[in-house]
2 protein chains.
Amino acid sequence: MKSLWNILFPAFIVVLMLCWASPFARAAEGKPNIVIILADDLGYGDLGCYGHPSVRTPNLDRMAAQGMRFTDFYSAAEVCTPSRAALLTGRYPIRSGMCHDRFRVLRRESTGHLPESEITLAEQLKGQGYATALIGKWHLGVWSNDPAGHPKRHGFDFNFGLPHSNDMNPAPGAPKGAPARLEQDPAWWQAPLYRGEEVIEKPADQTTLTKRYTEEAVKFIGAKKDAPFFLYMAHTFPHVPLFASEKFRGASPRGLYGDVVEEIDWSVGQILEALRAAGIEKNTLVIFTSDNGPWLTQGLAGGSAGLLRDGKGSTWEGGMRVPGIAWWPGKVPAQSICREVASTMDLFTTCSNLAGAKMPSDRPIDGVDILPLLTETGKAKREAYFYYRGTQLFAVRMGNWKAHYFTQPGYGTPKPEAHEPPLLFDVHVDPSENANVAAKHPEIIAEMAAAIARHRTTITPVPTQLEATVAAPK
Amino acid sequence: MKSLWNILFPAFIVVLMLCWASPFARAAEGKPNIVIILADDLGYGDLGCYGHPSVRTPNLDRMAAQGMRFTDFYSAAEVCTPSRAALLTGRYPIRSGMCHDRFRVLRRESTGHLPESEITLAEQLKGQGYATALIGKWHLGVWSNDPAGHPKRHGFDFNFGLPHSNDMNPAPGAPKGAPARLEQDPAWWQAPLYRGEEVIEKPADQTTLTKRYTEEAVKFIGAKKDAPFFLYMAHTFPHVPLFASEKFRGASPRGLYGDVVEEIDWSVGQILEALRAAGIEKNTLVIFTSDNGPWLTQGLAGGSAGLLRDGKGSTWEGGMRVPGIAWWPGKVPAQSICREVASTMDLFTTCSNLAGAKMPSDRPIDGVDILPLLTETGKAKREAYFYYRGTQLFAVRMGNWKAHYFTQPGYGTPKPEAHEPPLLFDVHVDPSENANVAAKHPEIIAEMAAAIARHRTTITPVPTQLEATVAAPK
C-alpha cells in the first residue's frame, strides 16, 4: 500500500501542477508575438509598393500584398531621438523631455536618456511574460555616459547594436560632408557595436551591420519561438553614412542608397521567413515603418518622400508621414490599404492591449488602439494628431485636414515662420500641401484650436534630456 | 444509291469547307486581341500602384498585380496630339508633322490631321483581319474641318467619342480659368460627341462620358469576341475640365480629380471583366498608359508626377514618364515589374508583330518590339529614347543615363534654356533629376551625341499639320 502511495502521490502532484500551469501556458500561447521593424530616415516614397521606380523591395512589396499598407502612417516626430522615445512610450516626446529645439537628438556626449519613470512597450510586454530584444540602433541614451540610459533599464532583456546614429563618431580624418558621400571609407567612422553592456567591436564594421542584425533577429526568433516575444528591430540604415554588405553593394539601380534599402528589404524577408519556419506566423504581428522622413539635404545619399513636401526635420508631410506596413496572416486582411491616420505611438497601445497589459493610468498616453484598423473592423479613437518640431507644436491633423501654425524647412533655415490664421490643407485632396484653403474653412480652424487647447491642458513641463553632456565621451 | 449520295455529297462539301476554313479560324484565334487604354494627362504618381495615397485604383492595382508594371514607360511626346500620333504610328511626331513649337496640339479650328500617308496600328491590324474601334478622344484631326482627319480614314471601323480635348469648345459664358475649376458647370463646355461621322450630342454631356465610353467598349468586346479585334480606348479624362458620373462624384478622398481617375479605374475593371466573361482574356493583350504627364498648372484639377520632376509639357521625367501596365494572363507574368525603357511607340511594333503584320519598309519606325520584356524572355532592341518638345530634340536617354540639351518648364516660360555640355542624370540613381553629373561622364555624353547624330540622319523634314486653320470651325 505504501509503495502504491509512493507512486500515486507524485503523479497526483504532477497532474495538479499541469492543471495549474496549463491555462497560463494557453494564455501565453494566445499572446501574439510583436515584431517592430524600424528603418532610419527611410522616406515615404522609397519602397516599390510606395511607388519608387528603382529601389527594388520585393519582400516589403509582398509583405504589403499579404497584409496592410497604410497611406497615412506617421512617425511621432521629425527626427530620430524624439521619434523613438514616442514609439516606445506611446507618448509625444514633449512628455518625456526627449526633444529639444536646438539639439534635436541625443549626441555622443549626452548624459540624458529616456527617463526611467517612462514606461516602455518593452516593459509593458515583459510584464506579460514576453522575451524582449532590441536589435539595432537605440538613440534613447548613451549608456557609456549614464548607465540608466541602457535598454535593459527600459525593459529589454537583450540588445545588440549601436547606441546612437552611425554618423556620431566621425574619425579625426573624416572629410567634411563625409556622411553624404557615396564612396564611403569605413575608417571615417568609429561607432561602437554592443552586445548587452559590452563593446564587442569598435569601430563597428558598418558594412555587415544589417546582415548581423538580421542574423541576431533570426536567432532570437528561433530561440524564443515557444514564448511570446517582442522584437524591436531598429535598423541603422538608410541613415548616412551608407554601408551595405558585399552581396548588395553595387546591386541596386538606385545606387548606394538603393543597395542599403534593398538589404533591409532582404532582412525583412528573412524575418518573415524565420517566423514561418518556426510555425508562428499566425501568432505574430509584424510592423514595418520608419523613424522619420528622408534626409533630403544628404543629396543622393538621402531618400525620397515621393509626392510629399519636404523631408526629415520638418513638419511638412514628407518629414513625418512614412511607410507603414502591417502583417499578421489570418488577422490583418491581405491586400488591404488603410487610409486612416495611424502612428508609431499607436503601437504602444495596440500591442499592450494585444498582450493583455494594463494601460498606465497615471499619465496621458497619446497612442490609440489601431487593432480595429488592422483587422478592418472599425475606426481608431483618435481626435487629432499633433506635429511637433522639438518642443513646439507646429501643426495638427484632424481627419483629412491639416493646419500649420508654424512652418520651417527640415534643415538650413534658422527660424520658423508663424502663420496666423494657420495654413490649412486637405491632405487627401492635396497631399503635396500646395493649396492653402484656410480662408474657406474658419470652422475647421476653430475646431483645431479647441483640440489644441484640450491637448495643451494635458502637457506638464518636464526637463529636457537633450542638454546635459559629459566633457569627454568614452 | 442516289439517296446515299444525296446525304454524302453535302456532308463531303461541309467537311471540305471546314478543312479549308479551319486553318484560317485557327490563325484568327491565334492572333491576340489588342486593347490599348490611354488616359489623358494622368501623372506618373496618380495611381495606387504607383504610390498615390488617396486616389483609389483597386482595378488598376489588381491589373498590375496580375500582370506587369513598368517603372520607365514613356509617352512619345510631352503633349496630346504628338503623343497620340506617335502611339498610332510608332514614329516620333517629328516624322508625321504632328507637332509644333508654338501651337503644340491641334485646335478646334485646325485643318491639319494625321497624314493619310502615315500607317497606323489600326491599319496594320485591320490588314490582318482585325475589327478596329476608337472609343474616346481622337485629337489627330478635326474632321468637321477636313474629312481626311476622320479615324475611319486611318484604319478604324468604328468610332465613338470627341474629336479633340474636352476644353476646346468653351461656351461664350465660361469664366476665365474655367478648365481648372473644381466646381464645374456643364454649360461652360460645348464639345460634340460623335458616333462615326455623326454628331449625336452637342454639347456632349461630359459627366457620363467615361461611363458611355465603357459601355461602348464592353459592347464592342462582346460583339467581336470571335474575331481578333483592336480596341483603342482613349479616355477624355483626367484632362480638364473634370467630370465624373453621379456614382463617382464626391466619392474619392482625392476630390474631383480622384473621382475622375477612380471612374477610369472602374472602367478598366469593366473591360477586363468583359474579356473574362467572353472567355478571351488569355488571348488579349491589354495595355494601360497615359498620353503625357500631369497638367501641374491646373492646381488641384491636375495630377501628380510623384517623385518625378515637372509635368505635362516638359521633357523632364514628369512630362513624359507615365504609368504603364500590361496584362495578358498566361503570357505576361503576374506581379512582374519591368525597369527597362518602353514607350507607347513600341506598341505599334509589338502589336504589328503579334498580329503577323509586316512592318512598313519604306520609312523609319521608332518603336521596338517589347514582347521580350512583356514575357520576361529578353531585352528590347533600343539604342536610345529621344525626348522632343514640339519639333526640337530636348533630351535623350540611353540605358539609365539622360542628357538634357535644352530644358524648359512645361508651361509659362517662353524660352528654352540651352545646356552645353548637356545636363546629365542617372535617372535610376536620381529619378528626380537633381544631381547633374555631366562633368564626371564626358564619355556618356559623347556616346549620346553620336546616337543623336545617327538619329538625325533619319529625320526628313515634313510640313507641320498644326498651323493651317479654318476661319469659322463648325
# chains A, B, ... in the order shown; residues from 1 in each chain; ligands from 1
>>> interface_residues(of="chain A", to="chain B", cutoff="8 Å", atoms="only C-alpha atoms", output="PyMOL selection string")
chain A and resi 45+49-54+71-72+253-255+258+299-300+304-307+339+428-431+435
>>> residues_around(residues="Leu242 in chain B", least_positions_apart="3", cutoff="12 Å", atoms="only C-alpha atoms", output="PyMOL selection string")
chain B and resi 40-41+165-167+178-186+188-189+205-210+235-239+245+248-249+255-261+263+298+300-303
>>> residues_around(residues="Glu420 in chain A", least_positions_apart="3", cutoff="9 Å", atoms="only C-alpha atoms", output="count of residues only")
3
>>> select_by_dssp(residues="range 165-195 of chain A", states="strand (DSSP E or B)", output="PyMOL selection string")
chain A and resi 170+189+193-195
>>> atom_distance(atom1="CA of Ser75 in chain A", atom2="CA of Phe230 in chain A")
19.5 Å
>>> residues_around(residues="Pro333 in chain A", least_positions_apart="4", cutoff="10 Å", atoms="only C-alpha atoms", output="mmCIF file with N, CA, C and O atoms, in the first residue's frame")
data_model
loop_
_atom_site.group_PDB
_atom_site.id
_atom_site.type_symbol
_atom_site.label_atom_id
_atom_site.label_comp_id
_atom_site.auth_asym_id
_atom_site.auth_seq_id
_atom_site.Cartn_x
_atom_site.Cartn_y
_atom_site.Cartn_z
ATOM 1 N N ALA A 65 1.419 43.082 -49.790
ATOM 2 C CA ALA A 65 0.382 42.351 -50.527
ATOM 3 C C ALA A 65 -0.279 41.290 -49.649
ATOM 4 O O ALA A 65 -1.458 40.982 -49.805
ATOM 5 N N GLN A 66 0.472 40.756 -48.716
ATOM 6 C CA GLN A 66 -0.084 39.746 -47.800
ATOM 7 C C GLN A 66 -0.705 40.395 -46.570
ATOM 8 O O GLN A 66 -1.280 39.708 -45.731
ATOM 9 N N GLY A 67 -0.536 41.706 -46.445
ATOM 10 C CA GLY A 67 -1.045 42.394 -45.263
ATOM 11 C C GLY A 67 -1.676 43.723 -45.618
ATOM 12 O O GLY A 67 -2.410 43.823 -46.596
ATOM 13 N N MET A 68 -1.335 44.733 -44.799
ATOM 14 C CA MET A 68 -1.966 46.047 -44.942
ATOM 15 C C MET A 68 -0.905 47.121 -45.185
ATOM 16 O O MET A 68 0.115 47.155 -44.514
ATOM 17 N N ALA A 326 1.685 46.497 -42.178
ATOM 18 C CA ALA A 326 1.343 45.557 -41.103
ATOM 19 C C ALA A 326 1.094 44.175 -41.700
ATOM 20 O O ALA A 326 0.464 44.059 -42.762
ATOM 21 N N TRP A 327 1.552 43.151 -40.987
ATOM 22 C CA TRP A 327 1.488 41.762 -41.499
ATOM 23 C C TRP A 327 1.144 40.836 -40.346
ATOM 24 O O TRP A 327 1.805 40.856 -39.311
ATOM 25 N N TRP A 328 0.112 40.095 -40.504
ATOM 26 C CA TRP A 328 -0.303 39.133 -39.469
ATOM 27 C C TRP A 328 -1.273 38.172 -40.149
ATOM 28 O O TRP A 328 -2.479 38.389 -40.154
ATOM 29 N N PRO A 329 -0.719 37.122 -40.783
ATOM 30 C CA PRO A 329 -1.563 36.231 -41.591
ATOM 31 C C PRO A 329 -2.769 35.715 -40.801
ATOM 32 O O PRO A 329 -2.614 35.267 -39.665
ATOM 33 N N ILE A 337 -5.550 48.201 -47.852
ATOM 34 C CA ILE A 337 -4.945 49.532 -47.797
ATOM 35 C C ILE A 337 -5.720 50.314 -46.749
ATOM 36 O O ILE A 337 -6.957 50.328 -46.781
ATOM 37 N N LEU A 374 -6.383 47.487 -38.157
ATOM 38 C CA LEU A 374 -5.591 46.354 -38.643
ATOM 39 C C LEU A 374 -6.483 45.191 -39.080
ATOM 40 O O LEU A 374 -6.124 44.433 -39.980
ATOM 41 N N THR A 375 -7.610 45.050 -38.427
ATOM 42 C CA THR A 375 -8.494 43.935 -38.745
ATOM 43 C C THR A 375 -9.678 44.383 -39.603
ATOM 44 O O THR A 375 -10.566 43.585 -39.900
ATOM 45 N N GLU A 376 -9.667 45.656 -39.982
ATOM 46 C CA GLU A 376 -10.758 46.239 -40.783
ATOM 47 C C GLU A 376 -12.124 46.005 -40.136
ATOM 48 O O GLU A 376 -13.097 45.676 -40.805
#
>>> atom_distance(atom1="CA of Ala355 in chain B", atom2="CA of Ala334 in chain B")
22.8 Å
>>> select_by_dssp(residues="range 309-414 of chain A", states="helix (DSSP H, G or I)", output="MDAnalysis selection string")
chainID A and resid 317:320 345:355 371:374
>>> closest_residue(among="B:Pro228, B:Pro473, B:Gly112, B:Gly136", to="Asn33 in chain B", atoms="only C-alpha atoms")
B:Pro228
>>> closest_residue(among="B:Leu296, B:Val368, B:Ala357, B:Leu424", to="Gly318 in chain B", atoms="only C-alpha atoms")
B:Leu296
>>> residues_around(residues="Arg454 in chain B", least_positions_apart="6", cutoff="12 Å", atoms="only C-alpha atoms", output="PyMOL selection string")
chain B and resi 383-384+386+447-448
>>> write_last_selection(atoms="N, CA and C atoms", output="PDB file, in the first residue's frame")
ATOM      1  N   GLU B 383      18.299  51.556 -78.946  1.00  0.00           N
ATOM      2  CA  GLU B 383      19.572  52.203 -78.668  1.00  0.00           C
ATOM      3  C   GLU B 383      19.354  53.404 -77.754  1.00  0.00           C
ATOM      4  N   ALA B 384      18.360  54.226 -78.112  1.00  0.00           N
ATOM      5  CA  ALA B 384      18.144  55.459 -77.354  1.00  0.00           C
ATOM      6  C   ALA B 384      16.680  55.844 -77.445  1.00  0.00           C
ATOM      7  N   PHE B 386      14.371  59.354 -77.435  1.00  0.00           N
ATOM      8  CA  PHE B 386      14.540  60.795 -77.620  1.00  0.00           C
ATOM      9  C   PHE B 386      13.335  61.561 -77.090  1.00  0.00           C
ATOM     10  N   GLU B 447      28.850  59.436 -76.369  1.00  0.00           N
ATOM     11  CA  GLU B 447      28.021  58.345 -76.923  1.00  0.00           C
ATOM     12  C   GLU B 447      26.648  58.862 -77.336  1.00  0.00           C
ATOM     13  N   MET B 448      26.115  59.727 -76.485  1.00  0.00           N
ATOM     14  CA  MET B 448      24.794  60.266 -76.768  1.00  0.00           C
ATOM     15  C   MET B 448      24.828  61.169 -77.998  1.00  0.00           C
TER      16      MET B 448
END
>>> closest_residue(among="A:Ile325, A:Phe229, A:Leu134, A:Leu106", to="Met63 in chain A", atoms="only C-alpha atoms")
A:Ile325
>>> closest_residue(among="A:Ile37, A:Lys176, A:Asp146, A:Pro32", to="Ile264 in chain A", atoms="only C-alpha atoms")
A:Ile37
>>> residues_around(residues="Cys99 in chain B", least_positions_apart="5", cutoff="7 Å", atoms="only C-alpha atoms", output="VMD selection string")
chain B and resid 82 93 to 94 104 to 105 390 to 391 464 466
>>> residues_around(residues="His150 in chain A", least_positions_apart="6", cutoff="8 Å", atoms="only C-alpha atoms", output="NGL selection string")
:A and (141-143 or 197)
>>> write_last_selection(atoms="N, CA and C atoms", output="compact mmCIF listing (two decimals), in the first residue's frame")
# COMPACT_ATOMS: atom_id res chain seq x y z
N GLY A 141 19.62 57.06 -25.15
CA GLY A 141 20.53 57.16 -24.02
C GLY A 141 21.89 56.58 -24.39
N VAL A 142 22.94 57.35 -24.14
CA VAL A 142 24.30 56.85 -24.42
C VAL A 142 24.80 56.25 -23.11
N TRP A 143 24.68 54.94 -22.98
CA TRP A 143 24.87 54.33 -21.67
C TRP A 143 26.31 54.37 -21.18
N GLU A 197 25.97 45.08 -22.39
CA GLU A 197 26.69 46.28 -21.97
C GLU A 197 28.11 46.30 -22.48
>>> atom_distance(atom1="CA of Ala274 in chain A", atom2="CA of Val199 in chain A")
27.4 Å
>>> closest_residue(among="A:Glu123, A:Arg397, A:His164, A:Ala227", to="Ala449 in chain A", atoms="only C-alpha atoms")
A:Arg397
